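Below: the structure, in structure tokens.
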Amino acid sequence: MENTPTAVNRASVRITERARHIPPATAGQRRTAFTACAWMVVFAAFHSYWALGGTIGLPPGESLVDNKPLFVIDLIAIPMNLGGAALALALVQRWGLFFPRRLVLFGAWGCALLMVGHAAPSMVDLVVFLTGQRGKPLTGEDRFSVLVYEPYWMLGGLLFTVMALAFQRRTRQPAAAREGSE
């Protein structure tokens, strides 16, 4: 039987051996991860607030309780954000090394690309607005989006980009270890 305690123990020993050779995260990497975790928790809190009928940060007169598709998106976004918070911590905590490296990197790069991809088009609007090149003034809703919402997404994307790169470098096997495992 493959699921016997001895098989689990052997897998645990292999993971522990691999983790022993990986240097711990630096203080800067931990600060960045905790900031990314906080980013996710704050966003989960906003989604929870909106799902419960709150309207701060939404266009005037908008409520997600009245908008079923956006309400469902909020209900999906809450656990996704909390999972992202756990992922941010997994990138710097020793317990994160118990997950397959590729899975952790897939999640980290996925978060980074999703957030940067979401915000990048609006960053052009932000630059145009900040340089005064925009022909007409932004509405209140557009101003909130361009000055707060989209830069917040970009911040999250940059945090996860930095963390994904750091984790990728920190957990990379030395060439000698790769040759020995072939």
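Chain identifiers are assigned as A, B, and so on, following the order in which chains appear in the structure tokens; residues are numbered from 1 within each chain, and ligands are numbered from 1 in order of appearance.
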Within 8 Å of Asn81 in chain A using only C-alpha atoms, minus same-chain residues under 4 positions, as a compact mmCIF listing (two decimals) with all heavy atoms, in the first residue's frame:
```
# COMPACT_ATOMS: atom_id res chain seq x y z
N MET A 40 -3.80 41.13 0.37
CA MET A 40 -4.86 40.15 0.10
C MET A 40 -5.96 40.20 1.17
O MET A 40 -7.14 40.11 0.84
CB MET A 40 -4.27 38.74 0.03
CG MET A 40 -3.48 38.50 -1.22
SD MET A 40 -4.59 38.44 -2.64
CE MET A 40 -3.60 37.59 -3.81
N VAL A 41 -5.57 40.31 2.42
CA VAL A 41 -6.57 40.34 3.51
C VAL A 41 -7.43 41.59 3.40
O VAL A 41 -8.65 41.53 3.57
CB VAL A 41 -5.87 40.23 4.89
CG1 VAL A 41 -6.84 40.51 6.02
CG2 VAL A 41 -5.25 38.84 5.05
N PHE A 43 -8.13 43.24 0.68
CA PHE A 43 -9.02 43.08 -0.46
C PHE A 43 -10.14 42.09 -0.13
O PHE A 43 -11.29 42.30 -0.53
CB PHE A 43 -8.23 42.65 -1.70
CG PHE A 43 -8.75 43.26 -2.96
CD1 PHE A 43 -8.95 44.63 -3.08
CD2 PHE A 43 -9.06 42.47 -4.04
CE1 PHE A 43 -9.43 45.19 -4.25
CE2 PHE A 43 -9.54 43.02 -5.23
CZ PHE A 43 -9.74 44.39 -5.32
N ALA A 44 -9.83 41.03 0.61
CA ALA A 44 -10.87 40.09 1.04
C ALA A 44 -11.87 40.80 1.94
O ALA A 44 -13.09 40.57 1.85
CB ALA A 44 -10.25 38.90 1.77
N ALA A 77 -14.26 35.81 -4.88
CA ALA A 77 -13.03 36.56 -4.61
C ALA A 77 -12.59 36.45 -3.15
O ALA A 77 -11.38 36.48 -2.87
CB ALA A 77 -13.22 38.03 -4.98
N ALA A 85 -3.40 35.20 0.44
CA ALA A 85 -2.70 35.62 1.66
C ALA A 85 -1.85 34.47 2.18
O ALA A 85 -0.69 34.65 2.57
CB ALA A 85 -3.71 36.08 2.71
```
Legend entry - 6 Å contact set for range 33-37 of chain A, only C-alpha atoms, chain neighbours under 6 positions out, as a list in words: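 Listed by chain and then number, they are Ala85, Ala88, Leu89 and Leu159 of chain A.
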Produce a file of the selected residues containing N, CA and C atoms, as a tab-separated table (two decimals), in the first residue's frame.
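Written out: part.tsv:
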```tsv
chain	number	residue	atom	x	y	z
A	85	ALA	N	-3.40	35.20	0.44
A	85	ALA	CA	-2.70	35.62	1.66
A	85	ALA	C	-1.85	34.47	2.18
A	88	ALA	N	1.18	34.03	-0.06
A	88	ALA	CA	2.22	35.03	0.22
A	88	ALA	C	3.09	34.58	1.39
A	89	LEU	N	2.46	34.02	2.42
A	89	LEU	CA	3.23	33.53	3.57
A	89	LEU	C	4.02	32.27	3.23
A	159	LEU	N	4.21	43.25	-5.73
A	159	LEU	CA	4.60	42.50	-4.53
A	159	LEU	C	4.74	41.01	-4.86
```
Legend entry - Close residues, Leu114 in chain A itself excluded, 12 Å, only C-alpha atoms, min 3 positions apart in chain, as a list of chain:residue names: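 Counting only the stated atoms, we get A:Gly84, A:Phe106, A:Gly107, A:Ala108, A:Trp109, A:Gly110, A:Cys111, A:Gly117, A:His118, A:Ala119, A:Ala120, A:Trp153, A:Met154, A:Leu155, A:Gly156, A:Gly157, A:Leu158, A:Phe160, A:Thr161.
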Inset, instruction - Enter the distance from CA of Gln168 in chain A to CA of Ala27 in chain A, in Å, rounded to one decimal. - result: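 Computing the Euclidean distance for CA of Gln168 in chain A and CA of Ala27 in chain A yields 16.6 Å.
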Inset, instruction - Write out as a PyMOL selection string each polymer residue whose atoms come within 9 Å of Thr171 in chain A, counting only C-alpha atoms; drop sequence neighbours fewer than 2 positions from it. - result: chain A and resi 19+21-23+97+101+166-169+173
Atoms kept (N, CA and C atoms) for selection, written as an mmCIF file, in the first residue's frame:
```
data_model
loop_
_atom_site.group_PDB
_atom_site.id
_atom_site.type_symbol
_atom_site.label_atom_id
_atom_site.label_comp_id
_atom_site.auth_asym_id
_atom_site.auth_seq_id
_atom_site.Cartn_x
_atom_site.Cartn_y
_atom_site.Cartn_z
ATOM 1 N N ALA A 19 14.345 20.845 2.134
ATOM 2 C CA ALA A 19 14.164 22.129 2.819
ATOM 3 C C ALA A 19 15.410 22.523 3.598
ATOM 4 N N HIS A 21 18.412 22.374 2.749
ATOM 5 C CA HIS A 21 19.419 22.997 1.887
ATOM 6 C C HIS A 21 18.954 24.329 1.302
ATOM 7 N N ILE A 22 17.754 24.739 1.626
ATOM 8 C CA ILE A 22 17.234 26.003 1.111
ATOM 9 C C ILE A 22 17.425 27.069 2.180
ATOM 10 N N PRO A 23 18.074 28.170 1.830
ATOM 11 C CA PRO A 23 18.290 29.216 2.833
ATOM 12 C C PRO A 23 16.959 29.852 3.258
ATOM 13 N N LEU A 97 7.722 25.201 2.114
ATOM 14 C CA LEU A 97 8.592 24.282 1.383
ATOM 15 C C LEU A 97 8.027 22.863 1.324
ATOM 16 N N ARG A 101 7.416 22.811 -5.277
ATOM 17 C CA ARG A 101 7.968 24.102 -5.707
ATOM 18 C C ARG A 101 7.223 24.646 -6.916
ATOM 19 N N ALA A 166 12.004 36.056 -5.808
ATOM 20 C CA ALA A 166 12.822 35.712 -4.642
ATOM 21 C C ALA A 166 12.691 34.229 -4.301
ATOM 22 N N PHE A 167 11.471 33.707 -4.306
ATOM 23 C CA PHE A 167 11.255 32.294 -3.990
ATOM 24 C C PHE A 167 11.910 31.414 -5.053
ATOM 25 N N GLN A 168 11.769 31.806 -6.306
ATOM 26 C CA GLN A 168 12.350 31.035 -7.404
ATOM 27 C C GLN A 168 13.865 30.951 -7.243
ATOM 28 N N ARG A 169 14.494 32.060 -6.929
ATOM 29 C CA ARG A 169 15.958 32.075 -6.761
ATOM 30 C C ARG A 169 16.392 31.326 -5.506
ATOM 31 N N GLN A 173 17.685 24.646 -7.150
ATOM 32 C CA GLN A 173 18.696 23.653 -6.797
ATOM 33 C C GLN A 173 20.023 24.028 -7.427
#
```
Legend entry - Contact residues around range 48-52 of chain A with only C-alpha atoms at 7 Å, ignoring same-chain residues under 2 positions, as a list in words: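 Selected residues are Ala44, Ala45, Phe46, Gly54, Thr55, Leu64, Val65, Phe71, Asp74 and Ile78 of chain A.
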Resulting file, chosen residues, N, CA, C and O atoms, as an mmCIF file, in the first residue's frame:
```cif
data_model
loop_
_atom_site.group_PDB
_atom_site.id
_atom_site.type_symbol
_atom_site.label_atom_id
_atom_site.label_comp_id
_atom_site.auth_asym_id
_atom_site.auth_seq_id
_atom_site.Cartn_x
_atom_site.Cartn_y
_atom_site.Cartn_z
ATOM 1 N N ALA A 44 -9.828 41.034 0.605
ATOM 2 C CA ALA A 44 -10.873 40.089 1.038
ATOM 3 C C ALA A 44 -11.873 40.795 1.940
ATOM 4 O O ALA A 44 -13.091 40.565 1.849
ATOM 5 N N ALA A 45 -11.386 41.689 2.799
ATOM 6 C CA ALA A 45 -12.280 42.440 3.694
ATOM 7 C C ALA A 45 -13.206 43.350 2.887
ATOM 8 O O ALA A 45 -14.411 43.434 3.183
ATOM 9 N N PHE A 46 -12.663 44.012 1.864
ATOM 10 C CA PHE A 46 -13.512 44.863 1.023
ATOM 11 C C PHE A 46 -14.570 44.038 0.299
ATOM 12 O O PHE A 46 -15.735 44.427 0.230
ATOM 13 N N GLY A 54 -22.220 46.820 1.678
ATOM 14 C CA GLY A 54 -21.474 48.076 1.773
ATOM 15 C C GLY A 54 -21.274 48.706 0.410
ATOM 16 O O GLY A 54 -21.262 48.021 -0.618
ATOM 17 N N THR A 55 -21.127 50.021 0.388
ATOM 18 C CA THR A 55 -21.024 50.723 -0.896
ATOM 19 C C THR A 55 -19.776 51.590 -1.033
ATOM 20 O O THR A 55 -19.542 52.127 -2.115
ATOM 21 N N LEU A 64 -23.638 45.644 -4.609
ATOM 22 C CA LEU A 64 -23.425 44.322 -5.191
ATOM 23 C C LEU A 64 -24.530 43.344 -4.817
ATOM 24 O O LEU A 64 -24.737 42.357 -5.511
ATOM 25 N N VAL A 65 -25.257 43.638 -3.753
ATOM 26 C CA VAL A 65 -26.369 42.777 -3.366
ATOM 27 C C VAL A 65 -27.446 42.812 -4.452
ATOM 28 O O VAL A 65 -28.110 41.809 -4.719
ATOM 29 N N PHE A 71 -22.097 40.106 -7.263
ATOM 30 C CA PHE A 71 -22.225 39.494 -5.947
ATOM 31 C C PHE A 71 -21.552 38.115 -5.948
ATOM 32 O O PHE A 71 -20.799 37.774 -5.034
ATOM 33 N N ASP A 74 -17.850 38.487 -5.978
ATOM 34 C CA ASP A 74 -17.371 38.788 -4.625
ATOM 35 C C ASP A 74 -17.274 37.530 -3.779
ATOM 36 O O ASP A 74 -16.301 37.339 -3.050
ATOM 37 N N ILE A 78 -13.517 36.321 -2.227
ATOM 38 C CA ILE A 78 -13.150 36.280 -0.802
ATOM 39 C C ILE A 78 -12.227 35.099 -0.498
ATOM 40 O O ILE A 78 -11.110 35.305 -0.002
#
```
Inset, instruction - For each of A:Asp66, A:Phe98, A:Phe129, A:Ser145, take the minimum atom-to-atom distance to Arg20 in chain A, counting only C-alpha atoms, then give the residue where this is smallest. - result: A:Phe98
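Taking only C-alpha atoms, the non-local environment of Gln93 in chain A within 9 Å (same-chain residues fewer than 5 positions away omitted) comprises Pro24, Ala25 and Arg30 of chain A.
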Inset, instruction - Among the residues of range 14-71 of chain A, find those DSSP assigns to alpha helix (DSSP H) from the backbone and print them as a PyMOL selection string. - result: chain A and resi 14-20+27-51+68-71
Output file for the residues above (N, CA, C and O atoms, as a compact mmCIF listing (two decimals), in the first residue's frame):
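Generated output (out31.txt):
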```txt
# COMPACT_ATOMS: atom_id res chain seq x y z
N ARG A 14 12.11 13.21 2.67
CA ARG A 14 12.64 13.81 1.43
C ARG A 14 12.40 15.31 1.40
O ARG A 14 13.28 16.07 1.02
N ILE A 15 11.20 15.73 1.80
CA ILE A 15 10.88 17.16 1.80
C ILE A 15 11.74 17.89 2.82
O ILE A 15 12.28 18.96 2.55
N THR A 16 11.90 17.28 4.00
CA THR A 16 12.71 17.91 5.05
C THR A 16 14.16 18.02 4.59
O THR A 16 14.81 19.03 4.82
N GLU A 17 14.69 16.98 3.93
CA GLU A 17 16.05 17.02 3.40
C GLU A 17 16.20 18.16 2.40
O GLU A 17 17.18 18.90 2.42
N ARG A 18 15.24 18.28 1.48
CA ARG A 18 15.29 19.34 0.47
C ARG A 18 15.23 20.71 1.15
O ARG A 18 15.97 21.62 0.81
N ALA A 19 14.34 20.85 2.13
CA ALA A 19 14.16 22.13 2.82
C ALA A 19 15.41 22.52 3.60
O ALA A 19 15.69 23.71 3.75
N ARG A 20 16.15 21.55 4.08
CA ARG A 20 17.35 21.84 4.88
C ARG A 20 18.38 22.60 4.06
O ARG A 20 19.15 23.38 4.59
N ALA A 27 14.99 39.11 5.80
CA ALA A 27 14.04 39.99 6.49
C ALA A 27 13.25 40.82 5.48
O ALA A 27 12.05 41.03 5.64
N GLY A 28 13.90 41.28 4.42
CA GLY A 28 13.21 42.06 3.39
C GLY A 28 12.17 41.23 2.66
O GLY A 28 11.07 41.70 2.35
N GLN A 29 12.52 39.96 2.37
CA GLN A 29 11.56 39.08 1.71
C GLN A 29 10.36 38.82 2.62
O GLN A 29 9.22 38.79 2.16
N ARG A 30 10.61 38.64 3.91
CA ARG A 30 9.50 38.42 4.85
C ARG A 30 8.60 39.66 4.93
O ARG A 30 7.38 39.55 4.93
N ARG A 31 9.21 40.85 4.98
CA ARG A 31 8.41 42.09 5.01
C ARG A 31 7.55 42.21 3.76
O ARG A 31 6.37 42.56 3.82
N THR A 32 8.14 41.90 2.60
CA THR A 32 7.38 41.97 1.35
C THR A 32 6.25 40.96 1.36
O THR A 32 5.12 41.27 0.94
N ALA A 33 6.51 39.75 1.85
CA ALA A 33 5.46 38.72 1.91
C ALA A 33 4.35 39.13 2.87
O ALA A 33 3.16 38.94 2.57
N PHE A 34 4.69 39.70 4.01
CA PHE A 34 3.66 40.13 4.96
C PHE A 34 2.85 41.29 4.37
O PHE A 34 1.64 41.39 4.60
N THR A 35 3.50 42.14 3.59
CA THR A 35 2.78 43.22 2.92
C THR A 35 1.83 42.64 1.87
O THR A 35 0.67 43.07 1.77
N ALA A 36 2.29 41.66 1.10
CA ALA A 36 1.42 41.01 0.11
C ALA A 36 0.27 40.29 0.80
O ALA A 36 -0.87 40.32 0.32
N CYS A 37 0.55 39.66 1.93
CA CYS A 37 -0.51 38.99 2.71
C CYS A 37 -1.54 40.02 3.16
O CYS A 37 -2.75 39.80 3.03
N ALA A 38 -1.07 41.14 3.69
CA ALA A 38 -1.98 42.20 4.14
C ALA A 38 -2.79 42.73 2.96
O ALA A 38 -3.99 43.01 3.10
N TRP A 39 -2.15 42.90 1.78
CA TRP A 39 -2.85 43.35 0.58
C TRP A 39 -4.04 42.44 0.32
O TRP A 39 -5.15 42.89 0.08
N MET A 40 -3.80 41.13 0.37
CA MET A 40 -4.86 40.15 0.10
C MET A 40 -5.96 40.20 1.17
O MET A 40 -7.14 40.11 0.84
N VAL A 41 -5.57 40.31 2.42
CA VAL A 41 -6.57 40.34 3.51
C VAL A 41 -7.43 41.59 3.40
O VAL A 41 -8.65 41.53 3.57
N VAL A 42 -6.82 42.73 3.11
CA VAL A 42 -7.59 43.97 2.95
C VAL A 42 -8.58 43.82 1.79
O VAL A 42 -9.74 44.21 1.90
N PHE A 43 -8.13 43.24 0.68
CA PHE A 43 -9.02 43.08 -0.46
C PHE A 43 -10.14 42.09 -0.13
O PHE A 43 -11.29 42.30 -0.53
N ALA A 44 -9.83 41.03 0.61
CA ALA A 44 -10.87 40.09 1.04
C ALA A 44 -11.87 40.80 1.94
O ALA A 44 -13.09 40.57 1.85
N ALA A 45 -11.39 41.69 2.80
CA ALA A 45 -12.28 42.44 3.69
C ALA A 45 -13.21 43.35 2.89
O ALA A 45 -14.41 43.43 3.18
N PHE A 46 -12.66 44.01 1.86
CA PHE A 46 -13.51 44.86 1.02
C PHE A 46 -14.57 44.04 0.30
O PHE A 46 -15.73 44.43 0.23
N HIS A 47 -14.17 42.89 -0.23
CA HIS A 47 -15.15 42.03 -0.92
C HIS A 47 -16.23 41.55 0.06
O HIS A 47 -17.40 41.47 -0.31
N SER A 48 -15.83 41.25 1.28
CA SER A 48 -16.81 40.84 2.29
C SER A 48 -17.76 41.99 2.60
O SER A 48 -18.98 41.80 2.68
N TYR A 49 -17.20 43.17 2.75
CA TYR A 49 -18.00 44.37 3.03
C TYR A 49 -19.00 44.62 1.90
O TYR A 49 -20.18 44.86 2.14
N TRP A 50 -18.53 44.53 0.65
CA TRP A 50 -19.41 44.75 -0.49
C TRP A 50 -20.48 43.66 -0.58
O TRP A 50 -21.64 43.94 -0.89
N ALA A 51 -20.09 42.42 -0.30
CA ALA A 51 -21.06 41.31 -0.37
C ALA A 51 -22.15 41.47 0.69
O ALA A 51 -23.28 41.02 0.51
N LYS A 68 -26.43 40.58 -9.10
CA LYS A 68 -26.10 39.17 -8.83
C LYS A 68 -24.77 38.71 -9.42
O LYS A 68 -24.01 38.05 -8.73
N PRO A 69 -24.44 39.05 -10.68
CA PRO A 69 -23.13 38.60 -11.20
C PRO A 69 -21.95 39.14 -10.37
O PRO A 69 -21.03 38.39 -10.05
N LEU A 70 -21.99 40.42 -10.01
CA LEU A 70 -20.91 40.98 -9.20
C LEU A 70 -20.93 40.41 -7.78
O LEU A 70 -19.87 40.23 -7.16
N PHE A 71 -22.10 40.11 -7.26
CA PHE A 71 -22.23 39.49 -5.95
C PHE A 71 -21.55 38.12 -5.95
O PHE A 71 -20.80 37.77 -5.03
```
Inset, instruction - Go through A:Leu103, A:Leu130, A:Val162, A:Ile73 one by one, measure the shortest atom-to-atom distance of each to Leu147 in chain A using only C-alpha atoms, and give the residue with the smallest value. - result: A:Leu130
